[in-house]
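Written out below as structure tokens is the structure these notes cover.
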Amino acid sequence: MLPAQPNGCNSPDMSLWVIQRDLLLAMRRRADVLTTLFFFIIVVSLFPLGVGPEINMLRTMAPGVVWVAALLASMLSLGRMFSSDYLDGTLEQMLLSPQSLSMLVLGKALAHWLVTGVPLVLMSPVLGIQYDLSTEALLVLTASLLLGTPVLSLIGAIGAALTLGLRGGGVLVSLLVLPLYIPVLIFGAGAVEASAAGLGAGAHLSLLGAFLLVSLVLAPWAAAVSLRISME
Amino acid sequence: MSILQGSDLECVRGDRRLFKDINFSLEAGELIQVHGPNGSGKTSLLRMLCGLAIPAHGKICWHGADIRSLKGDYYGAITYLGHLSGVKDDLTAIENLRISSALAGVEIDTKKAHDALQHMGLGGRELLPVKVLSQGQRRRVALARLLVCRTVLWILDEPLAALDSAAVKLVQNLLEQHLAQGGMVVMTTHQEIDIAAGATQRLQLA
Amino acid sequence: MAINWFKYSSPASFYFLAGKMIPLFTIAAIILFAVGLYIGFFVAPTDFQQGEAYRIIFIHVPAAWMSMFLYVMMAIWAGIGLAFNTRLSSMMATAIAPTGAMFTFLALWTGALWGKPMWGAWWVWDARLTSELILLFLYIGFMSLQAAIDDPRRADKAGAVIALVGVVNIPIIYFSVKWWNTLHQGASVSITQSPKMATTMLTGMLIMSIACWMYAIAVILMRTRTIILERERHTVWVGELQGVTK
């Protein structure tokens with residue numbers, strides 16, 4: 001059954017509504033959610049097999065490896081954000097909604113994060129243990145992913161909207177969004193290294209927080225513009 | 001000044017010009033049936049009327065104002081039923097109806113959604129996921145939106161496709177009722193259907 | 001002024017105007033390249049620290065400047081096209097992208113050639129080189145997106161969005177790469193304290209930069225003309241043009 005509806009229909013409520021809808025859809029297709037998570041786990045586990053089990057090297061590599069894997073996992077699932085709604089005509093209805101399209105897109109991006117980002121965040125301490133990270137490093141890694149993965153979903157929404165319905169859209173979206181993910185990668189992985197070097201992760205985490213705020217404001221708007229362009 | 005007015009509309013798809021110099025005006029209680037062979041731009045015209053597509057030339061006005069400047073205010077006044085039904089396979093009929101009407105800015109409770117689906121002849125199937133329903137039944141789920149959204153202008157792309165004769169009758173009644181209450185309808189259909197309206201216009205493309 | 005602007009913002013009049021301008025810019029580019037290269041190779045003194053290898057900066061530095069200017073120009077034209085629905089500005093943006101990507105690639109390549117004798121490695125993860133590499137990715141993203149879209153109007157607008165998103169991100173990316181680079185200080189070599197440059201070197205570099213500008217303008221105008229012909233092939237004036245040339 002549908003979750004209880006908020007009263008009234010102003011825009012922020014609309015975002016919640018879309019989040020609830022997308023979570024409900026994800027619940028009906030749990031396999032998709034698990035695929036992304038297993039992809040993340042497998043990629044992270046492949047690195048020691050490629051570079052050797054030397055534990056000191058693995059410890060230095062861990063933040064970068066986990067972050068790159070998170071980038072790829074989040075990017076691979078971007079195709080799902082709009083394409084099924086596009087194929088069955090629901091996206092047209094969303095564009096014709098009297099509600100603000102940016103708010104709908106914000107809802108969809110946050111739902112994408114809840115479905116793909118949050119499982120990665122929860123799984124990362126376990127994977128960090130494989131790389132023998134200290135408890136403090138594990139905490140910083142998790143915190144950096146918690147702040148950084150929503151940015152990935154928000155920026156990714158722009159790429160997903162622009163490549164909607166295109167041939168080879170899945171590969172194309174990686175060309176578009178991966179360069180834009182670089183700052184998040186640098187400060188996300190950098191946070192763990194900084195804390196390991198005794199510099200404290202505060203500055204890095206604050207910057208990730210700033211990225212999150214900026215992308216919360218700008219990305220839904222840019223993605224909404226892109227959706228209108230792609231649906232024209 | 002008419003309520004909905006299209007002037008000098010032109011549509012270009014890739015290299016081809018589908019139509020040009022399309023003019024029409026629509027008043028309360030009136031119906032426009034768009035005719036034309038496949039590929040003549042019927043769907044493109046309806047998408048333009050919704051503001052989804054931008055005409056290569058010409059403009060569409062709602063109460064005298066360009067629909068592209070009205071945006072949300074205009075979207076609140078129309079219901080569009082596209083070639084794609086906008087029904088999610090994984091959700092039940094009731095969930096679909098409640099979500100699509102919430103998107104359109106009308107919140108309805110389970111009871112109301114239930115009644116609307118019952119009226120569309122889907123009684124007993126409200127709680128099934130839509131993917132197990134037939135094409136015609138899915139279309140009925142989409143059409144049920146017309147019962148719950150109180151909008152003035154209905155823009156319907158092949159609303160009768162895949163429907164059986166009982167459902168066609170149902171839709172016909174629904175449209176007549178809407179027109180009698182001063183509503184407006186723009187629709188395409190390949191089936192010949194008589195709908196009593198204040199005035200019926202035929203718009204022939206190509 | 002305003003009237004002129006609107007006259008030449010129609011693709012047809014622009015097509016003919018550009019046709020007249022291209023030879024001028026081409027000749028200017030050839031002369032300036034010849035003068036610039038002559039100064040670079042024969043007049044400019046040998047650097048006492050870097051020897052003859054430094055002479056690659058006469059291409060490297062102008063190419064790096066161009067790569068950045070052109071991205072901003074591209075984003076501005078694309079943005080104008082998106083905001084005011086002017087087809088010509090979108091075509092300009094599309095025409096700029098390959099030239100910008102070419103200069104970015106040239107800057108990277110000459111950077112590698114310069115890096116080998118200077119740093120002993122073809123590639124170092126220096127902040128500037130890394131940012132330049134990311135800039136190349138941004139150009140490639142823009143061009144791939146436009147190439148994947150069949151409808152030119154959608155291609156123009158979608159390209160504009162990604163170019164503008166890129167331009168907003170470039171300072172953030174540059175700043176992050178710089179931060180990342182200082183954090184990993186050991187691996188990098190600083191080239192910020194370059195020796196004081198001789199006047200002839202500076203003159204040579206400026207002439208080469210202007211030559212690059214002239215070349216870029218000529219090539220971009222040519223490409224814009226081709227795009228105009230392709231997009232307007234069904235119009236009367238292009239039909240007449242074909243009649244004339246046949």
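If you're wondering about the labels, chains in the structure tokens are A, B, ... by order shown, residues count from 1 in each chain, ligands from 1 in order shown.
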
key: DSSP-assigned helix (DSSP H, G or I) members of region 52-194 of chain B, reported as a PyMOL selection string   = chain B and resi 67-70+72-75+93-103+110-119+130-132+135-148+165-180

Residues of the last selection are to be written out with C-alpha atoms, as a PDB file, in the first residue's frame.
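Full text of selection.pdb as output:
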```
ATOM      1  CA  ILE B  67       1.344  28.720 -22.560  1.00  0.00           C
ATOM      2  CA  ARG B  68       5.115  28.768 -22.298  1.00  0.00           C
ATOM      3  CA  SER B  69       4.994  31.764 -19.998  1.00  0.00           C
ATOM      4  CA  LEU B  70       2.153  30.279 -17.927  1.00  0.00           C
ATOM      5  CA  GLY B  72       2.489  25.591 -13.839  1.00  0.00           C
ATOM      6  CA  ASP B  73      -0.729  27.604 -14.040  1.00  0.00           C
ATOM      7  CA  TYR B  74      -1.464  26.020 -17.401  1.00  0.00           C
ATOM      8  CA  TYR B  75      -0.392  22.517 -16.375  1.00  0.00           C
ATOM      9  CA  ALA B  93      -3.923   0.152 -10.118  1.00  0.00           C
ATOM     10  CA  ILE B  94      -4.860   2.080  -6.976  1.00  0.00           C
ATOM     11  CA  GLU B  95      -1.265   3.167  -6.315  1.00  0.00           C
ATOM     12  CA  ASN B  96      -0.921   4.255  -9.923  1.00  0.00           C
ATOM     13  CA  LEU B  97      -4.052   6.331  -9.838  1.00  0.00           C
ATOM     14  CA  ARG B  98      -3.207   7.964  -6.531  1.00  0.00           C
ATOM     15  CA  ILE B  99       0.326   8.796  -7.653  1.00  0.00           C
ATOM     16  CA  SER B 100      -0.637  10.187 -11.028  1.00  0.00           C
ATOM     17  CA  SER B 101      -3.321  12.380  -9.530  1.00  0.00           C
ATOM     18  CA  ALA B 102      -0.955  13.568  -6.794  1.00  0.00           C
ATOM     19  CA  LEU B 103       1.496  14.546  -9.521  1.00  0.00           C
ATOM     20  CA  THR B 110      -7.992   5.099  -1.404  1.00  0.00           C
ATOM     21  CA  LYS B 111     -11.781   5.172  -1.354  1.00  0.00           C
ATOM     22  CA  LYS B 112     -11.994   7.689  -4.170  1.00  0.00           C
ATOM     23  CA  ALA B 113      -9.391   5.869  -6.249  1.00  0.00           C
ATOM     24  CA  HIS B 114     -11.302   2.649  -5.642  1.00  0.00           C
ATOM     25  CA  ASP B 115     -14.564   4.192  -6.858  1.00  0.00           C
ATOM     26  CA  ALA B 116     -12.956   5.631  -9.974  1.00  0.00           C
ATOM     27  CA  LEU B 117     -11.413   2.288 -10.918  1.00  0.00           C
ATOM     28  CA  GLN B 118     -14.732   0.568 -10.227  1.00  0.00           C
ATOM     29  CA  HIS B 119     -16.386   3.010 -12.589  1.00  0.00           C
ATOM     30  CA  VAL B 130      -0.553  -3.410 -13.386  1.00  0.00           C
ATOM     31  CA  LYS B 131       1.899  -5.682 -15.190  1.00  0.00           C
ATOM     32  CA  VAL B 132      -0.563  -8.582 -14.959  1.00  0.00           C
ATOM     33  CA  GLN B 135      -3.331  -3.555 -22.587  1.00  0.00           C
ATOM     34  CA  GLY B 136      -6.949  -2.437 -22.535  1.00  0.00           C
ATOM     35  CA  GLN B 137      -7.109  -2.696 -18.757  1.00  0.00           C
ATOM     36  CA  ARG B 138      -3.957  -0.603 -18.376  1.00  0.00           C
ATOM     37  CA  ARG B 139      -5.482   2.005 -20.607  1.00  0.00           C
ATOM     38  CA  ARG B 140      -8.517   2.022 -18.328  1.00  0.00           C
ATOM     39  CA  VAL B 141      -6.267   2.655 -15.344  1.00  0.00           C
ATOM     40  CA  ALA B 142      -4.811   5.647 -17.171  1.00  0.00           C
ATOM     41  CA  LEU B 143      -8.257   6.885 -18.201  1.00  0.00           C
ATOM     42  CA  ALA B 144      -9.466   6.701 -14.602  1.00  0.00           C
ATOM     43  CA  ARG B 145      -7.352   9.810 -14.058  1.00  0.00           C
ATOM     44  CA  LEU B 146      -9.936  11.783 -16.012  1.00  0.00           C
ATOM     45  CA  LEU B 147     -12.522  10.907 -13.379  1.00  0.00           C
ATOM     46  CA  VAL B 148     -10.552  12.252 -10.450  1.00  0.00           C
ATOM     47  CA  SER B 165     -16.675  -1.665 -27.041  1.00  0.00           C
ATOM     48  CA  ALA B 166     -17.941  -1.403 -23.466  1.00  0.00           C
ATOM     49  CA  ALA B 167     -14.970   0.756 -22.525  1.00  0.00           C
ATOM     50  CA  VAL B 168     -15.366   2.882 -25.653  1.00  0.00           C
ATOM     51  CA  LYS B 169     -18.955   3.556 -24.573  1.00  0.00           C
ATOM     52  CA  LEU B 170     -17.707   4.471 -21.119  1.00  0.00           C
ATOM     53  CA  VAL B 171     -15.169   6.940 -22.472  1.00  0.00           C
ATOM     54  CA  GLN B 172     -17.742   8.399 -24.811  1.00  0.00           C
ATOM     55  CA  ASN B 173     -20.078   9.087 -21.877  1.00  0.00           C
ATOM     56  CA  LEU B 174     -17.243  10.532 -19.889  1.00  0.00           C
ATOM     57  CA  LEU B 175     -16.297  12.937 -22.676  1.00  0.00           C
ATOM     58  CA  GLU B 176     -19.891  13.987 -23.285  1.00  0.00           C
ATOM     59  CA  GLN B 177     -20.382  14.675 -19.594  1.00  0.00           C
ATOM     60  CA  HIS B 178     -17.171  16.713 -19.471  1.00  0.00           C
ATOM     61  CA  LEU B 179     -18.180  18.759 -22.523  1.00  0.00           C
ATOM     62  CA  ALA B 180     -21.676  19.316 -21.180  1.00  0.00           C
TER      63      ALA B 180
END
```

Near chain A, which residues of chain B fall within 10 Å when you count only C-alpha atoms, and what do they look like as a short mmCIF file (atom, residue, chain, number, x, y, z; two decimals) with C-alpha atoms, in the first residue's frame?
```cif
data_model
loop_
_atom_site.label_atom_id
_atom_site.label_comp_id
_atom_site.auth_asym_id
_atom_site.auth_seq_id
_atom_site.Cartn_x
_atom_site.Cartn_y
_atom_site.Cartn_z
CA SER B 44 3.48 16.15 -32.08
CA ARG B 47 2.56 17.45 -27.29
CA MET B 48 2.81 21.07 -28.43
CA CYS B 50 0.70 20.47 -23.60
CA GLY B 51 3.84 22.56 -23.79
CA LEU B 52 6.04 19.45 -23.94
CA ALA B 53 7.24 20.30 -27.45
CA ILE B 54 7.97 23.76 -28.75
CA PRO B 55 6.52 24.60 -32.16
CA LYS B 71 3.90 26.97 -17.13
CA GLY B 72 2.49 25.59 -13.84
CA ASP B 73 -0.73 27.60 -14.04
CA TYR B 74 -1.46 26.02 -17.40
CA TYR B 75 -0.39 22.52 -16.37
CA GLY B 76 -2.89 22.75 -13.52
CA ALA B 77 -5.70 23.26 -16.03
CA ILE B 78 -4.96 20.36 -18.38
CA THR B 79 -4.89 16.60 -18.28
CA TYR B 80 -2.79 14.89 -20.93
CA LEU B 81 -3.16 11.26 -21.76
CA GLY B 82 -0.31 10.38 -24.06
CA HIS B 83 0.45 7.60 -26.40
CA LEU B 84 2.25 6.05 -23.41
CA SER B 85 -0.18 5.56 -20.56
CA GLY B 86 2.10 6.72 -17.76
CA VAL B 87 1.24 3.65 -15.68
CA LYS B 88 3.94 1.89 -13.68
CA ASP B 89 4.03 -1.88 -14.11
CA ASP B 90 5.22 -2.61 -10.59
CA LEU B 91 2.52 -0.64 -8.83
CA THR B 92 -1.11 -1.63 -8.32
CA ILE B 94 -4.86 2.08 -6.98
CA GLU B 95 -1.27 3.17 -6.31
CA ASN B 96 -0.92 4.26 -9.92
CA ARG B 98 -3.21 7.96 -6.53
CA ILE B 99 0.33 8.80 -7.65
CA SER B 100 -0.64 10.19 -11.03
CA SER B 101 -3.32 12.38 -9.53
CA ALA B 102 -0.95 13.57 -6.79
CA LEU B 103 1.50 14.55 -9.52
CA ALA B 104 -1.30 16.52 -11.13
CA GLY B 105 -1.81 18.30 -7.82
CA VAL B 106 -4.97 16.47 -6.70
CA GLU B 107 -4.65 14.25 -3.66
CA ILE B 108 -7.23 11.48 -3.47
CA ASP B 109 -7.80 8.83 -0.82
CA THR B 110 -7.99 5.10 -1.40
CA LEU B 127 -4.84 -4.41 -5.91
#
```

task = Could you please select, counting only C-alpha atoms, the residues of chain A within 6 Å of chain C and state them as an MDAnalysis selection string?
result = chainID A and resid 175:176 183

request  = Excluding Met66 (chain C) and any residue of its chain fewer than 5 positions from it, enumerate the residues within 8 Å of it, using only C-alpha atoms, and give them as a ChimeraX atom specification.
outcome  = /C:100,103-104,209,212-213

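Using only C-alpha atoms, the part of chain C that sits within 10 Å of chain B is made up of C:Asp150, C:Asp151, C:Pro152, C:Arg153, C:Arg231, C:Glu232, C:Arg233, C:His234.
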
Same residues, C-alpha atoms, output as a PDB file, in the first residue's frame:
```
ATOM      1  CA  ASP C 150      20.284  13.380 -33.750  1.00  0.00           C
ATOM      2  CA  ASP C 151      18.021  16.380 -33.365  1.00  0.00           C
ATOM      3  CA  PRO C 152      20.229  19.498 -33.759  1.00  0.00           C
ATOM      4  CA  ARG C 153      18.043  21.660 -31.533  1.00  0.00           C
ATOM      5  CA  ARG C 231      21.610  22.631 -40.989  1.00  0.00           C
ATOM      6  CA  GLU C 232      20.133  24.969 -43.595  1.00  0.00           C
ATOM      7  CA  ARG C 233      20.361  22.597 -46.546  1.00  0.00           C
ATOM      8  CA  HIS C 234      16.621  22.774 -47.162  1.00  0.00           C
TER       9      HIS C 234
END
```

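The environment of Lys42 (chain B) within 10 Å, counting only C-alpha atoms and disregarding residues fewer than 3 places along the same chain, consists of Leu18, Phe19, Val34, His35, Gly36, Pro37, Asn38, Gly39, Leu45, Leu46, Arg47, Met48, Asp157, Glu158, Met187, Thr188, Thr189, Leu203, Gln204, Leu205 and Ala206 of chain B.
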
Output C-alpha atoms for every residue in the selection just made, as a PDB file, in the first residue's frame.
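result.pdb, written as the output of this step:
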```pdb
ATOM      1  CA  LEU B  18       5.164  17.578 -40.641  1.00  0.00           C
ATOM      2  CA  PHE B  19       2.662  20.406 -40.812  1.00  0.00           C
ATOM      3  CA  VAL B  34      -7.435  15.745 -34.925  1.00  0.00           C
ATOM      4  CA  HIS B  35      -7.336  13.538 -37.996  1.00  0.00           C
ATOM      5  CA  GLY B  36      -4.536  12.477 -40.248  1.00  0.00           C
ATOM      6  CA  PRO B  37      -2.621   9.428 -41.416  1.00  0.00           C
ATOM      7  CA  ASN B  38       0.186   7.860 -39.394  1.00  0.00           C
ATOM      8  CA  GLY B  39       3.204  10.133 -39.176  1.00  0.00           C
ATOM      9  CA  LEU B  45       0.585  18.595 -32.222  1.00  0.00           C
ATOM     10  CA  LEU B  46      -0.862  17.295 -28.951  1.00  0.00           C
ATOM     11  CA  ARG B  47       2.558  17.451 -27.288  1.00  0.00           C
ATOM     12  CA  MET B  48       2.807  21.067 -28.427  1.00  0.00           C
ATOM     13  CA  ASP B 157      -3.870  10.883 -27.700  1.00  0.00           C
ATOM     14  CA  GLU B 158      -5.727   7.826 -29.035  1.00  0.00           C
ATOM     15  CA  MET B 187      -8.250  14.300 -29.099  1.00  0.00           C
ATOM     16  CA  THR B 188      -6.939  12.061 -31.828  1.00  0.00           C
ATOM     17  CA  THR B 189      -8.597   8.815 -32.746  1.00  0.00           C
ATOM     18  CA  LEU B 203      -8.570  19.338 -37.699  1.00  0.00           C
ATOM     19  CA  GLN B 204      -7.079  17.570 -40.679  1.00  0.00           C
ATOM     20  CA  LEU B 205      -3.305  17.160 -40.813  1.00  0.00           C
ATOM     21  CA  ALA B 206      -1.571  16.465 -44.135  1.00  0.00           C
TER      22      ALA B 206
END
```
